[in-house]
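Coordinates as given in model-v6.pdb (PDB, C-alpha atoms and all ligand atoms):
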```pdb
ATOM      1  CA  MET R   1      33.788  36.581 -25.540
ATOM      2  CA  SER R   2      30.797  34.449 -24.784
ATOM      3  CA  SER R   3      28.114  36.077 -22.696
ATOM      4  CA  GLU R   4      26.753  32.715 -21.607
ATOM      5  CA  LYS R   5      26.064  32.606 -17.909
ATOM      6  CA  ILE R   6      27.793  29.907 -15.885
ATOM      7  CA  PRO R   7      25.300  28.073 -13.662
ATOM      8  CA  LEU R   8      25.878  28.444  -9.938
ATOM      9  CA  LEU R   9      27.230  25.292  -8.271
ATOM     10  CA  LYS R  10      25.281  24.191  -5.225
ATOM     11  CA  CYS R  11      25.721  21.221  -2.933
ATOM     12  CA  GLY R  12      24.282  20.287   0.434
ATOM     13  CA  THR R  13      22.874  17.567   2.631
ATOM     14  CA  VAL R  14      19.229  17.051   3.477
ATOM     15  CA  ALA R  15      18.154  14.638   6.204
ATOM     16  CA  VAL R  16      14.806  13.043   5.472
ATOM     17  CA  ILE R  17      13.203  12.198   8.775
ATOM     18  CA  GLY R  18       9.766  11.302  10.092
ATOM     19  CA  ALA R  19       7.754   8.545  11.715
ATOM     20  CA  ALA R  20       8.054   4.982  10.446
ATOM     21  CA  ASN R  21       6.120   4.411   7.221
ATOM     22  CA  ALA R  22       5.689   8.131   6.400
ATOM     23  CA  GLY R  23       7.146   7.528   2.924
ATOM     24  CA  LYS R  24      10.693   8.799   3.446
ATOM     25  CA  SER R  25      12.388   6.167   1.312
ATOM     26  CA  THR R  26       9.793   6.558  -1.438
ATOM     27  CA  LEU R  27      10.532  10.287  -1.563
ATOM     28  CA  VAL R  28      14.297   9.796  -1.605
ATOM     29  CA  ASN R  29      14.029   7.320  -4.483
ATOM     30  CA  GLY R  30      11.703   9.718  -6.314
ATOM     31  CA  LEU R  31      14.112  12.632  -5.996
ATOM     32  CA  VAL R  32      17.130  10.527  -6.980
ATOM     33  CA  GLY R  33      15.245   8.953  -9.859
ATOM     34  CA  GLU R  34      16.520   5.507  -8.984
ATOM     35  CA  LYS R  35      15.991   3.036  -6.192
ATOM     36  CA  VAL R  36      18.640   3.548  -3.538
ATOM     37  CA  SER R  37      16.504   2.781  -0.497
ATOM     38  CA  ILE R  38      14.094  -0.086  -0.029
ATOM     39  CA  VAL R  39      10.374   0.462   0.530
ATOM     40  CA  SER R  40       7.637  -1.672   2.038
ATOM     41  CA  PRO R  41       4.146  -1.266   3.476
ATOM     42  CA  LYS R  42       5.517  -2.332   6.878
ATOM     43  CA  VAL R  43       6.930   0.011   9.521
ATOM     44  CA  GLN R  44      10.653   0.115  10.272
ATOM     45  CA  THR R  45      11.795  -0.972   6.829
ATOM     46  CA  THR R  46      14.838   1.306   6.705
ATOM     47  CA  ARG R  47      17.354   0.357   9.385
ATOM     48  CA  ASN R  48      20.252   2.690   8.751
ATOM     49  CA  ARG R  49      21.198   5.907   7.101
ATOM     50  CA  VAL R  50      21.006   5.584   3.337
ATOM     51  CA  MET R  51      22.417   8.254   1.101
ATOM     52  CA  GLY R  52      20.810   9.126  -2.204
ATOM     53  CA  ILE R  53      22.163  11.790  -4.539
ATOM     54  CA  ALA R  54      19.797  13.884  -6.632
ATOM     55  CA  ILE R  55      20.987  16.270  -9.316
ATOM     56  CA  ARG R  56      19.068  19.147 -10.873
ATOM     57  CA  LYS R  57      20.454  21.546 -13.456
ATOM     58  CA  ASN R  58      19.187  24.500 -15.389
ATOM     59  CA  ALA R  59      20.587  27.748 -16.799
ATOM     60  CA  ASP R  60      20.884  29.227 -13.296
ATOM     61  CA  TYR R  61      22.220  26.390 -11.180
ATOM     62  CA  ALA R  62      23.740  22.913 -11.088
ATOM     63  CA  ALA R  63      22.755  21.422  -7.763
ATOM     64  CA  GLN R  64      23.741  18.239  -6.020
ATOM     65  CA  ILE R  65      21.244  17.370  -3.307
ATOM     66  CA  ILE R  66      22.647  14.767  -0.942
ATOM     67  CA  LEU R  67      19.637  13.132   0.654
ATOM     68  CA  VAL R  68      20.036  11.127   3.806
ATOM     69  CA  ASP R  69      17.192   8.666   4.205
ATOM     70  CA  THR R  70      16.866   7.621   7.825
ATOM     71  CA  PRO R  71      15.022   4.983   9.850
ATOM     72  CA  GLY R  72      11.640   6.075  11.206
ATOM     73  CA  ILE R  73      11.536   7.983  14.442
ATOM     74  CA  PHE R  74       9.514   6.066  17.038
ATOM     75  CA  ALA R  75       9.749   5.074  20.689
ATOM     76  CA  PRO R  76      12.666   2.632  20.734
ATOM     77  CA  LYS R  77      12.365  -0.625  22.675
ATOM     78  CA  SER R  78      15.198  -2.910  21.622
ATOM     79  CA  ARG R  79      18.862  -2.264  21.069
ATOM     80  CA  LEU R  80      18.369  -2.295  17.304
ATOM     81  CA  ASP R  81      15.492   0.207  17.669
ATOM     82  CA  THR R  82      17.634   2.541  19.745
ATOM     83  CA  ALA R  83      20.464   2.417  17.213
ATOM     84  CA  MET R  84      17.994   3.092  14.383
ATOM     85  CA  VAL R  85      16.350   6.084  16.036
ATOM     86  CA  GLY R  86      19.781   7.391  17.075
ATOM     87  CA  ALA R  87      20.916   7.196  13.445
ATOM     88  CA  ALA R  88      17.844   9.152  12.351
ATOM     89  CA  TRP R  89      18.461  12.040  14.748
ATOM     90  CA  ALA R  90      22.195  12.027  14.070
ATOM     91  CA  GLY R  91      21.376  12.386  10.372
ATOM     92  CA  ALA R  92      19.139  15.353  11.158
ATOM     93  CA  GLU R  93      21.675  17.111  13.305
ATOM     94  CA  GLU R  94      24.562  16.733  10.870
ATOM     95  CA  SER R  95      22.754  17.960   7.776
ATOM     96  CA  ASP R  96      22.427  21.386   6.168
ATOM     97  CA  MET R  97      18.667  20.990   5.960
ATOM     98  CA  ILE R  98      15.899  18.756   7.227
ATOM     99  CA  ALA R  99      12.868  17.447   5.383
ATOM    100  CA  TYR R 100      10.310  16.253   7.941
ATOM    101  CA  LEU R 101       7.794  13.905   6.369
ATOM    102  CA  PHE R 102       4.373  13.521   7.889
ATOM    103  CA  ASP R 103       1.818  10.963   6.748
ATOM    104  CA  ALA R 104      -1.223  13.162   6.071
ATOM    105  CA  LYS R 105      -3.495  10.118   6.340
ATOM    106  CA  LYS R 106      -2.965  10.205  10.101
ATOM    107  CA  LYS R 107      -5.676  11.834  12.229
ATOM    108  CA  GLY R 108      -3.070  14.237  13.617
ATOM    109  CA  PRO R 109       0.242  14.159  15.464
ATOM    110  CA  ASN R 110       0.496  11.426  18.141
ATOM    111  CA  ASP R 111       2.697  11.635  21.250
ATOM    112  CA  GLY R 112       5.758  10.440  19.359
ATOM    113  CA  ASP R 113       5.194  12.999  16.592
ATOM    114  CA  LEU R 114       4.764  15.782  19.132
ATOM    115  CA  LYS R 115       8.095  14.920  20.739
ATOM    116  CA  ALA R 116       9.816  14.837  17.354
ATOM    117  CA  ILE R 117       8.300  18.175  16.333
ATOM    118  CA  GLU R 118       9.446  19.712  19.609
ATOM    119  CA  ARG R 119      12.985  18.666  18.799
ATOM    120  CA  LEU R 120      12.633  20.070  15.284
ATOM    121  CA  ALA R 121      11.489  23.384  16.741
ATOM    122  CA  SER R 122      14.921  23.713  18.276
ATOM    123  CA  LEU R 123      16.777  22.479  15.142
ATOM    124  CA  VAL R 124      14.963  24.988  12.909
ATOM    125  CA  LYS R 125      16.792  27.779  14.715
ATOM    126  CA  ASN R 126      19.976  27.064  12.790
ATOM    127  CA  ARG R 127      18.940  25.328   9.567
ATOM    128  CA  PRO R 128      15.913  25.197   7.289
ATOM    129  CA  VAL R 129      13.348  22.532   8.194
ATOM    130  CA  PHE R 130      10.647  21.697   5.655
ATOM    131  CA  LEU R 131       7.348  20.140   6.618
ATOM    132  CA  ILE R 132       6.274  17.712   3.920
ATOM    133  CA  LEU R 133       2.755  16.339   4.137
ATOM    134  CA  ASN R 134       2.833  13.093   2.193
ATOM    135  CA  LYS R 135       0.219  10.703   0.775
ATOM    136  CA  ILE R 136      -2.060  13.528  -0.413
ATOM    137  CA  ASP R 137      -3.386  11.144  -3.062
ATOM    138  CA  GLN R 138      -5.454   9.694  -0.225
ATOM    139  CA  ILE R 139      -6.677  12.825   1.491
ATOM    140  CA  GLN R 140      -9.112  15.756   1.081
ATOM    141  CA  LYS R 141      -7.752  19.313   0.741
ATOM    142  CA  PRO R 142      -9.533  20.878   3.773
ATOM    143  CA  LYS R 143      -7.967  18.303   6.059
ATOM    144  CA  LEU R 144      -4.532  19.135   4.668
ATOM    145  CA  LEU R 145      -4.960  22.809   5.374
ATOM    146  CA  ALA R 146      -6.035  22.153   8.965
ATOM    147  CA  LEU R 147      -3.048  19.849   9.446
ATOM    148  CA  THR R 148      -0.692  22.472   8.006
ATOM    149  CA  VAL R 149      -1.946  25.077  10.449
ATOM    150  CA  ARG R 150      -1.790  22.719  13.436
ATOM    151  CA  LEU R 151       1.753  21.507  12.741
ATOM    152  CA  ASN R 152       3.066  24.989  11.996
ATOM    153  CA  GLU R 153       1.748  26.118  15.355
ATOM    154  CA  LEU R 154       4.000  23.539  16.971
ATOM    155  CA  CYS R 155       7.132  24.396  14.983
ATOM    156  CA  PRO R 156       7.884  27.387  12.768
ATOM    157  CA  PHE R 157       8.701  25.293   9.689
ATOM    158  CA  THR R 158      10.672  27.056   6.962
ATOM    159  CA  ALA R 159       8.151  25.915   4.352
ATOM    160  CA  THR R 160       5.307  23.418   3.980
ATOM    161  CA  TYR R 161       4.825  21.133   0.961
ATOM    162  CA  MET R 162       2.015  18.764   0.115
ATOM    163  CA  ILE R 163       3.039  15.810  -1.975
ATOM    164  CA  SER R 164       2.424  12.272  -3.060
ATOM    165  CA  ALA R 165       5.824  10.594  -3.031
ATOM    166  CA  LEU R 166       4.123   7.604  -4.615
ATOM    167  CA  ASN R 167       2.788   9.274  -7.769
ATOM    168  CA  GLY R 168       5.272  12.144  -7.856
ATOM    169  CA  ASP R 169       2.777  14.944  -7.226
ATOM    170  CA  GLY R 170       4.606  17.951  -5.773
ATOM    171  CA  VAL R 171       7.974  16.182  -5.614
ATOM    172  CA  GLU R 172       9.640  18.600  -8.045
ATOM    173  CA  ASP R 173       8.404  21.525  -5.957
ATOM    174  CA  VAL R 174      10.252  19.999  -3.015
ATOM    175  CA  ALA R 175      13.406  19.694  -5.143
ATOM    176  CA  LYS R 176      13.140  23.363  -6.154
ATOM    177  CA  GLY R 177      12.529  24.441  -2.563
ATOM    178  CA  LEU R 178      15.549  22.488  -1.333
ATOM    179  CA  ILE R 179      17.770  23.988  -4.015
ATOM    180  CA  ARG R 180      16.731  27.478  -2.980
ATOM    181  CA  HIS R 181      18.194  26.849   0.476
ATOM    182  CA  ILE R 182      21.124  24.633  -0.392
ATOM    183  CA  PRO R 183      24.520  26.301   0.091
ATOM    184  CA  GLU R 184      26.674  27.323  -2.824
ATOM    185  CA  GLY R 185      29.669  25.082  -3.240
ATOM    186  CA  ASP R 186      31.440  22.438  -5.281
ATOM    187  CA  TRP R 187      29.858  19.057  -5.756
ATOM    188  CA  ILE R 188      31.095  16.334  -3.445
ATOM    189  CA  TYR R 189      30.222  13.296  -5.561
ATOM    190  CA  ASP R 190      30.637  12.364  -9.207
ATOM    191  CA  GLU R 191      27.718  13.134 -11.430
ATOM    192  CA  ASP R 192      26.871   9.475 -12.072
ATOM    193  CA  GLN R 193      26.933   8.387  -8.440
ATOM    194  CA  THR R 194      23.512   7.901  -6.863
ATOM    195  CA  THR R 195      24.460   6.417  -3.483
ATOM    196  CA  ASP R 196      27.489   5.703  -1.312
ATOM    197  CA  MET R 197      26.216   2.251  -0.474
ATOM    198  CA  PRO R 198      28.539  -0.533  -1.602
ATOM    199  CA  MET R 199      26.883  -2.922  -4.079
ATOM    200  CA  ARG R 200      27.166  -5.816  -1.624
ATOM    201  CA  LEU R 201      25.051  -3.969   0.920
ATOM    202  CA  LEU R 202      22.599  -2.697  -1.667
ATOM    203  CA  ALA R 203      22.173  -6.262  -2.949
ATOM    204  CA  ALA R 204      21.470  -7.453   0.605
ATOM    205  CA  GLU R 205      18.896  -4.683   0.980
ATOM    206  CA  ILE R 206      17.095  -5.790  -2.196
ATOM    207  CA  THR R 207      16.649  -9.283  -0.760
ATOM    208  CA  ARG R 208      15.619  -7.860   2.616
ATOM    209  CA  GLU R 209      12.946  -5.809   0.838
ATOM    210  CA  GLN R 210      11.447  -8.970  -0.647
ATOM    211  CA  ILE R 211      11.300 -10.510   2.814
ATOM    212  CA  PHE R 212       9.494  -7.400   4.075
ATOM    213  CA  ARG R 213       7.083  -7.656   1.177
ATOM    214  CA  GLN R 214       6.491 -11.392   1.120
ATOM    215  CA  LEU R 215       6.511 -12.417   4.786
ATOM    216  CA  HIS R 216       4.277 -11.268   7.577
ATOM    217  CA  ASP R 217       4.074 -10.681  11.293
ATOM    218  CA  GLU R 218       7.361 -10.630  13.116
ATOM    219  CA  VAL R 219       9.394 -12.487  10.479
ATOM    220  CA  PRO R 220      10.944  -9.454   8.692
ATOM    221  CA  TYR R 221      12.064  -8.013  12.009
ATOM    222  CA  GLU R 222      13.886 -11.199  12.965
ATOM    223  CA  ILE R 223      16.048 -11.392   9.861
ATOM    224  CA  THR R 224      19.018  -9.691   8.356
ATOM    225  CA  VAL R 225      20.638 -10.389   5.008
ATOM    226  CA  GLU R 226      24.351 -10.589   4.398
ATOM    227  CA  THR R 227      26.077 -10.750   1.014
ATOM    228  CA  GLU R 228      28.704 -13.390   1.568
ATOM    229  CA  LYS R 229      30.220 -13.584  -1.888
ATOM    230  CA  TRP R 230      30.135 -11.448  -5.014
ATOM    231  CA  GLU R 231      31.794 -13.086  -8.000
ATOM    232  CA  ASP R 232      32.220 -11.424 -11.363
ATOM    233  CA  PHE R 233      32.649 -13.763 -14.314
ATOM    234  CA  GLY R 234      34.577 -12.452 -17.285
ATOM    235  CA  ASN R 235      31.484 -12.560 -19.498
ATOM    236  CA  GLY R 236      29.652  -9.986 -17.369
ATOM    237  CA  ASP R 237      27.621 -12.500 -15.348
ATOM    238  CA  ILE R 238      27.598 -12.028 -11.606
ATOM    239  CA  ARG R 239      27.113 -14.645  -8.909
ATOM    240  CA  ILE R 240      25.917 -13.352  -5.568
ATOM    241  CA  SER R 241      25.665 -15.570  -2.490
ATOM    242  CA  GLN R 242      23.690 -14.284   0.443
ATOM    243  CA  ILE R 243      22.853 -15.548   3.889
ATOM    244  CA  ILE R 244      19.493 -14.770   5.444
ATOM    245  CA  HIS R 245      20.136 -14.796   9.171
ATOM    246  CA  VAL R 246      17.138 -15.648  11.338
ATOM    247  CA  THR R 247      16.989 -15.433  15.118
ATOM    248  CA  ARG R 248      15.037 -18.653  15.679
ATOM    249  CA  ASP R 249      14.860 -22.093  14.174
ATOM    250  CA  HIS R 250      11.130 -22.072  13.322
ATOM    251  CA  LEU R 251      11.595 -18.967  11.175
ATOM    252  CA  LYS R 252      13.806 -20.954   8.877
ATOM    253  CA  SER R 253      10.921 -23.129   7.746
ATOM    254  CA  ILE R 254       8.679 -20.064   7.299
ATOM    255  CA  ILE R 255      11.225 -18.449   4.992
ATOM    256  CA  LEU R 256      11.756 -21.638   3.057
ATOM    257  CA  GLY R 257       8.007 -22.206   2.658
ATOM    258  CA  LYS R 258       6.424 -25.430   1.406
ATOM    259  CA  GLY R 259       9.044 -27.294  -0.564
ATOM    260  CA  GLY R 260      11.227 -24.189  -0.590
ATOM    261  CA  THR R 261       8.753 -22.227  -2.725
ATOM    262  CA  ARG R 262       8.789 -19.057  -0.616
ATOM    263  CA  LEU R 263      12.558 -18.784  -0.724
ATOM    264  CA  GLN R 264      12.423 -19.368  -4.479
ATOM    265  CA  GLN R 265      10.009 -16.466  -4.900
ATOM    266  CA  ILE R 266      12.084 -14.172  -2.722
ATOM    267  CA  GLY R 267      15.138 -15.097  -4.775
ATOM    268  CA  ALA R 268      13.381 -14.716  -8.117
ATOM    269  CA  ARG R 269      12.116 -11.194  -7.379
ATOM    270  CA  ALA R 270      15.383 -10.052  -5.832
ATOM    271  CA  ARG R 271      17.351 -11.448  -8.774
ATOM    272  CA  ALA R 272      15.146  -9.685 -11.310
ATOM    273  CA  GLU R 273      15.744  -6.410  -9.548
ATOM    274  CA  LEU R 274      19.475  -6.960  -9.251
ATOM    275  CA  GLU R 275      19.643  -7.715 -12.959
ATOM    276  CA  GLU R 276      17.875  -4.466 -13.735
ATOM    277  CA  MET R 277      20.203  -2.579 -11.438
ATOM    278  CA  THR R 278      23.450  -4.087 -12.719
ATOM    279  CA  GLY R 279      22.369  -4.524 -16.328
ATOM    280  CA  THR R 280      23.865  -8.025 -16.343
ATOM    281  CA  LYS R 281      22.792 -11.589 -15.714
ATOM    282  CA  VAL R 282      22.745 -12.365 -12.006
ATOM    283  CA  HIS R 283      22.871 -15.765 -10.325
ATOM    284  CA  LEU R 284      21.566 -15.344  -6.814
ATOM    285  CA  LYS R 285      22.076 -18.033  -4.207
ATOM    286  CA  LEU R 286      20.259 -17.675  -0.909
ATOM    287  CA  PHE R 287      20.995 -19.628   2.251
ATOM    288  CA  VAL R 288      19.070 -19.454   5.509
ATOM    289  CA  ARG R 289      21.016 -19.708   8.726
ATOM    290  CA  VAL R 290      19.966 -19.520  12.364
ATOM    291  CA  SER R 291      22.091 -16.806  13.976
ATOM    292  CA  GLU R 292      20.265 -16.269  17.258
ATOM    293  CA  LYS R 293      22.321 -13.277  18.201
ATOM    294  CA  TRP R 294      22.681 -11.242  15.010
ATOM    295  CA  LYS R 295      20.925  -8.354  16.760
ATOM    296  CA  ASP R 296      23.702  -8.305  19.372
ATOM    297  CA  ASP R 297      26.577  -8.696  16.925
ATOM    298  CA  PRO R 298      28.785  -5.561  16.879
ATOM    299  CA  ASP R 299      29.836  -6.400  13.289
ATOM    300  CA  TYR R 300      26.232  -6.094  12.174
ATOM    301  CA  TYR R 301      25.991  -2.542  13.486
ATOM    302  CA  ALA R 302      29.471  -1.618  12.317
ATOM    303  CA  GLN R 303      28.817  -2.491   8.641
ATOM    304  CA  TRP R 304      25.967   0.012   8.708
ATOM    305  CA  GLY R 305      27.820   2.616  10.678
ATOM    306  CA  LEU R 306      25.327   2.240  13.525
ATOM    307  CA  GLU R 307      26.380   2.736  17.107
ATOM    308  CA  ILE R 308      25.154   0.652  20.016
TER     309      ILE R 308
HETATM  310  N1  LIG U 401      -0.786   6.251  -0.987
HETATM  311  C1  LIG U 401       0.481   6.574  -0.811
HETATM  312  N2  LIG U 401       1.337   5.680  -0.287
HETATM  313  C2  LIG U 401       2.623   6.044  -0.141
HETATM  314  C3  LIG U 401       3.095   7.328  -0.487
HETATM  315  N3  LIG U 401       4.416   7.398  -0.201
HETATM  316  C4  LIG U 401       4.753   6.183   0.300
HETATM  317  N4  LIG U 401       3.681   5.368   0.339
HETATM  318  C5  LIG U 401       3.623   3.974   0.811
HETATM  319  O1  LIG U 401       3.860   3.959   2.210
HETATM  320  C6  LIG U 401       4.567   2.784   2.581
HETATM  321  C7  LIG U 401       5.837   3.157   3.337
HETATM  322  O2  LIG U 401       6.729   3.810   2.448
HETATM  323  P1  LIG U 401       8.286   3.921   2.772
HETATM  324  O3  LIG U 401       8.870   4.814   1.741
HETATM  325  O4  LIG U 401       8.880   2.580   2.977
HETATM  326  O5  LIG U 401       8.206   4.684   4.170
HETATM  327  P2  LIG U 401       9.398   5.045   5.170
HETATM  328  O6  LIG U 401       9.022   6.335   5.808
HETATM  329  O7  LIG U 401      10.701   5.001   4.469
HETATM  330  O8  LIG U 401       9.273   3.870   6.240
HETATM  331  P3  LIG U 401      10.394   3.293   7.286
HETATM  332  O9  LIG U 401      11.639   3.040   6.536
HETATM  333  O10 LIG U 401       9.748   2.033   7.775
HETATM  334  O11 LIG U 401      10.513   4.329   8.361
HETATM  335  C8  LIG U 401       4.843   2.023   1.294
HETATM  336  O12 LIG U 401       3.843   1.048   1.144
HETATM  337  C9  LIG U 401       4.732   3.102   0.222
HETATM  338  O13 LIG U 401       4.349   2.602  -1.038
HETATM  339  C10 LIG U 401       2.154   8.269  -1.055
HETATM  340  O14 LIG U 401       2.456   9.397  -1.416
HETATM  341  N5  LIG U 401       0.878   7.813  -1.181
HETATM  342 MG    MG U 402      12.332   3.868   4.817
END
```
Before we go any further, please render this structure as structure tokens.
Ligand SMILES: Nc1nc2c(ncn2[C@@H]2O[C@H](COP(=O)(O)OP(=O)(O)OP(=O)(O)O)[C@@H](O)[C@H]2O)c(=O)[nH]1
Ligand SMILES: [Mg+2]
Amino acid sequence: MSSEKIPLLKCGTVAVIGAANAGKSTLVNGLVGEKVSIVSPKVQTTRNRVMGIAIRKNADYAAQIILVDTPGIFAPKSRLDTAMVGAAWAGAEESDMIAYLFDAKKKGPNDGDLKAIERLASLVKNRPVFLILNKIDQIQKPKLLALTVRLNELCPFTATYMISALNGDGVEDVAKGLIRHIPEGDWIYDEDQTTDMPMRLLAAEITREQIFRQLHDEVPYEITVETEKWEDFGNGDIRISQIIHVTRDHLKSIILGKGGTRLQQIGARARAELEEMTGTKVHLKLFVRVSEKWKDDPDYYAQWGLEI
């Protein structure tokens, strides 16, 4: 008989929450090892719950970490904001564990952070909550220690980690820490699955990311992207048609740019990324349409599982 030990199966959900721009999506992508959630230097990039699946195996365990990336927690003003913040807290409350990301570059917790931490102090009573100080590539050690003490006074966090989601520093320690607390149990998803997001939505997100990266001021917040058609040709080529919905007419010309050059650049970058993701040739067609009320359209919220 073989004396080889069978690794313990583990599987659980981890909600990744924190203020807008803390680096939540960057961390989720880093743990998954693939881009499942879009990232930009602007706040409120993530608008819905995005699932990313990370797998770690060794002689002792085979763990499936189901990460739920969430929109940033902030004081909501509009209907879309309220739905986004609601989705973030719902993610936290439904998960086995919580990873609370804090941008260590900040002077300290602001009013919004204090409110969030207060809520976490009650959630930590029945599940592990990790404090993850992010962006340590830009900060001095003594400041990190002071911040750790201050935040742990406000909430008895299960553990504190200091990481750079951007360069990967400390990210594997977070993975190990999560696995320690993750329940034993069968895997829920196939080994090769990295997200539950349908390709049509993921493709729309890739284009939306380019708009967040290439356009300024209010423009990214006034758009949404919809994949209208996804056609597979027998030879492996894919044709994707997407509509960029804008709330006002003047935004259309901003997105198009002089002679359509801005839209071309958005399309070129998004296409390159889609080709990398799908491993095939992609033809991407982008249209801009004025849809004044997309933010009030129940279908918009429904496709993302958001409630209004
Ligand atoms: N220097 C530095 N920048 C980082 C780090 N992690 C993330 N960033 C940057 O911070 C910005 C925001 O990152 P995201 O991952 O989009 O942040 P988020 O928390 O998901 O933001 P929302 O979805 O808007 O709530 C991006 O420009 C990232 O490149 C880090 O460890 N160090
Ligand atoms: Mg995000």
inquiry  = What residues of the protein or nucleic acid chains come within 6 Å of ligand LIG 401 (chain U) when you use only C-alpha atoms and all ligand atoms? Reply as a ChimeraX atom specification.
reply    = /R:20-26,39-41,43-46,71-72,134-135,137-138,164-166
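Of the listed residues R:Ile65, R:Val36, R:Ile240, R:Leu286, the one whose atoms come nearest to ligand MG 402 (chain U) is R:Val36, with distances taken using all atoms listed in the file.
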query = Applied to this file, what does the PyMOL selection byres (((chain R and resi 58) around 12) and not hetatm) return in terms of residues, put as a PyMOL selection string?
reply = chain R and resi 5-10+55-57+59-63+176+179
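Atom CA of Leu144 of chain R lies 28.7 Å from atom CA of Pro76 of chain R.
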key: Selection near Glu93 of chain R, 12 Å with only C-alpha atoms, sequence-local residues under 2 positions removed, as a PyMOL selection string   = chain R and resi 13-17+68+70+86-91+95-99+119-120+122-129
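Of note, atom CA of Gly112 of chain R and atom CA of Glu222 of chain R are spaced 24.0 Å apart.
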Non-local contacts of segment 202-208 of chain R (8 Å; all atoms listed in the file; under 2 positions in same chain excluded) as a PDB file with C-alpha atoms, in the coordinates of the input:
```pdb
ATOM      1  CA  VAL R  36      18.640   3.548  -3.538  1.00  0.00           C
ATOM      2  CA  SER R  37      16.504   2.781  -0.497  1.00  0.00           C
ATOM      3  CA  ILE R  38      14.094  -0.086  -0.029  1.00  0.00           C
ATOM      4  CA  MET R 197      26.216   2.251  -0.474  1.00  0.00           C
ATOM      5  CA  PRO R 198      28.539  -0.533  -1.602  1.00  0.00           C
ATOM      6  CA  MET R 199      26.883  -2.922  -4.079  1.00  0.00           C
ATOM      7  CA  ARG R 200      27.166  -5.816  -1.624  1.00  0.00           C
ATOM      8  CA  GLN R 210      11.447  -8.970  -0.647  1.00  0.00           C
ATOM      9  CA  ILE R 211      11.300 -10.510   2.814  1.00  0.00           C
ATOM     10  CA  PHE R 212       9.494  -7.400   4.075  1.00  0.00           C
ATOM     11  CA  PRO R 220      10.944  -9.454   8.692  1.00  0.00           C
ATOM     12  CA  THR R 224      19.018  -9.691   8.356  1.00  0.00           C
ATOM     13  CA  VAL R 225      20.638 -10.389   5.008  1.00  0.00           C
ATOM     14  CA  GLU R 226      24.351 -10.589   4.398  1.00  0.00           C
ATOM     15  CA  THR R 227      26.077 -10.750   1.014  1.00  0.00           C
ATOM     16  CA  GLN R 242      23.690 -14.284   0.443  1.00  0.00           C
ATOM     17  CA  ILE R 266      12.084 -14.172  -2.722  1.00  0.00           C
ATOM     18  CA  GLY R 267      15.138 -15.097  -4.775  1.00  0.00           C
ATOM     19  CA  ALA R 270      15.383 -10.052  -5.832  1.00  0.00           C
ATOM     20  CA  GLU R 273      15.744  -6.410  -9.548  1.00  0.00           C
ATOM     21  CA  LEU R 274      19.475  -6.960  -9.251  1.00  0.00           C
TER      22      LEU R 274
END
```
Thr195 of chain R: which residues within 9 Å, counting all atoms listed in the file, same-chain residues fewer than 4 positions away excluded, as an mmCIF file with C-alpha atoms, in the frame of the given file?
```cif
data_model
loop_
_atom_site.group_PDB
_atom_site.id
_atom_site.type_symbol
_atom_site.label_atom_id
_atom_site.label_comp_id
_atom_site.auth_asym_id
_atom_site.auth_seq_id
_atom_site.Cartn_x
_atom_site.Cartn_y
_atom_site.Cartn_z
ATOM 1 C CA VAL R 36 18.640 3.548 -3.538
ATOM 2 C CA VAL R 50 21.006 5.584 3.337
ATOM 3 C CA MET R 51 22.417 8.254 1.101
ATOM 4 C CA GLY R 52 20.810 9.126 -2.204
ATOM 5 C CA ILE R 53 22.163 11.790 -4.539
ATOM 6 C CA ILE R 66 22.647 14.767 -0.942
#
```
Under the PyMOL selection byres (((chain R and resi 295) around 12) and not hetatm), which residues of this model are included? Write them out as a PDB file with C-alpha atoms, in the frame of the given file.
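The resulting file, out-v9.pdb, is shown below:
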```pdb
ATOM      1  CA  ARG R  47      17.354   0.357   9.385  1.00  0.00           C
ATOM      2  CA  SER R  78      15.198  -2.910  21.622  1.00  0.00           C
ATOM      3  CA  ARG R  79      18.862  -2.264  21.069  1.00  0.00           C
ATOM      4  CA  LEU R  80      18.369  -2.295  17.304  1.00  0.00           C
ATOM      5  CA  ASP R  81      15.492   0.207  17.669  1.00  0.00           C
ATOM      6  CA  THR R  82      17.634   2.541  19.745  1.00  0.00           C
ATOM      7  CA  ALA R  83      20.464   2.417  17.213  1.00  0.00           C
ATOM      8  CA  TYR R 221      12.064  -8.013  12.009  1.00  0.00           C
ATOM      9  CA  GLU R 222      13.886 -11.199  12.965  1.00  0.00           C
ATOM     10  CA  ILE R 223      16.048 -11.392   9.861  1.00  0.00           C
ATOM     11  CA  THR R 224      19.018  -9.691   8.356  1.00  0.00           C
ATOM     12  CA  VAL R 225      20.638 -10.389   5.008  1.00  0.00           C
ATOM     13  CA  HIS R 245      20.136 -14.796   9.171  1.00  0.00           C
ATOM     14  CA  VAL R 246      17.138 -15.648  11.338  1.00  0.00           C
ATOM     15  CA  THR R 247      16.989 -15.433  15.118  1.00  0.00           C
ATOM     16  CA  ARG R 248      15.037 -18.653  15.679  1.00  0.00           C
ATOM     17  CA  SER R 291      22.091 -16.806  13.976  1.00  0.00           C
ATOM     18  CA  GLU R 292      20.265 -16.269  17.258  1.00  0.00           C
ATOM     19  CA  LYS R 293      22.321 -13.277  18.201  1.00  0.00           C
ATOM     20  CA  TRP R 294      22.681 -11.242  15.010  1.00  0.00           C
ATOM     21  CA  ASP R 296      23.702  -8.305  19.372  1.00  0.00           C
ATOM     22  CA  ASP R 297      26.577  -8.696  16.925  1.00  0.00           C
ATOM     23  CA  PRO R 298      28.785  -5.561  16.879  1.00  0.00           C
ATOM     24  CA  ASP R 299      29.836  -6.400  13.289  1.00  0.00           C
ATOM     25  CA  TYR R 300      26.232  -6.094  12.174  1.00  0.00           C
ATOM     26  CA  TYR R 301      25.991  -2.542  13.486  1.00  0.00           C
ATOM     27  CA  ALA R 302      29.471  -1.618  12.317  1.00  0.00           C
ATOM     28  CA  LEU R 306      25.327   2.240  13.525  1.00  0.00           C
ATOM     29  CA  ILE R 308      25.154   0.652  20.016  1.00  0.00           C
TER      30      ILE R 308
END
```
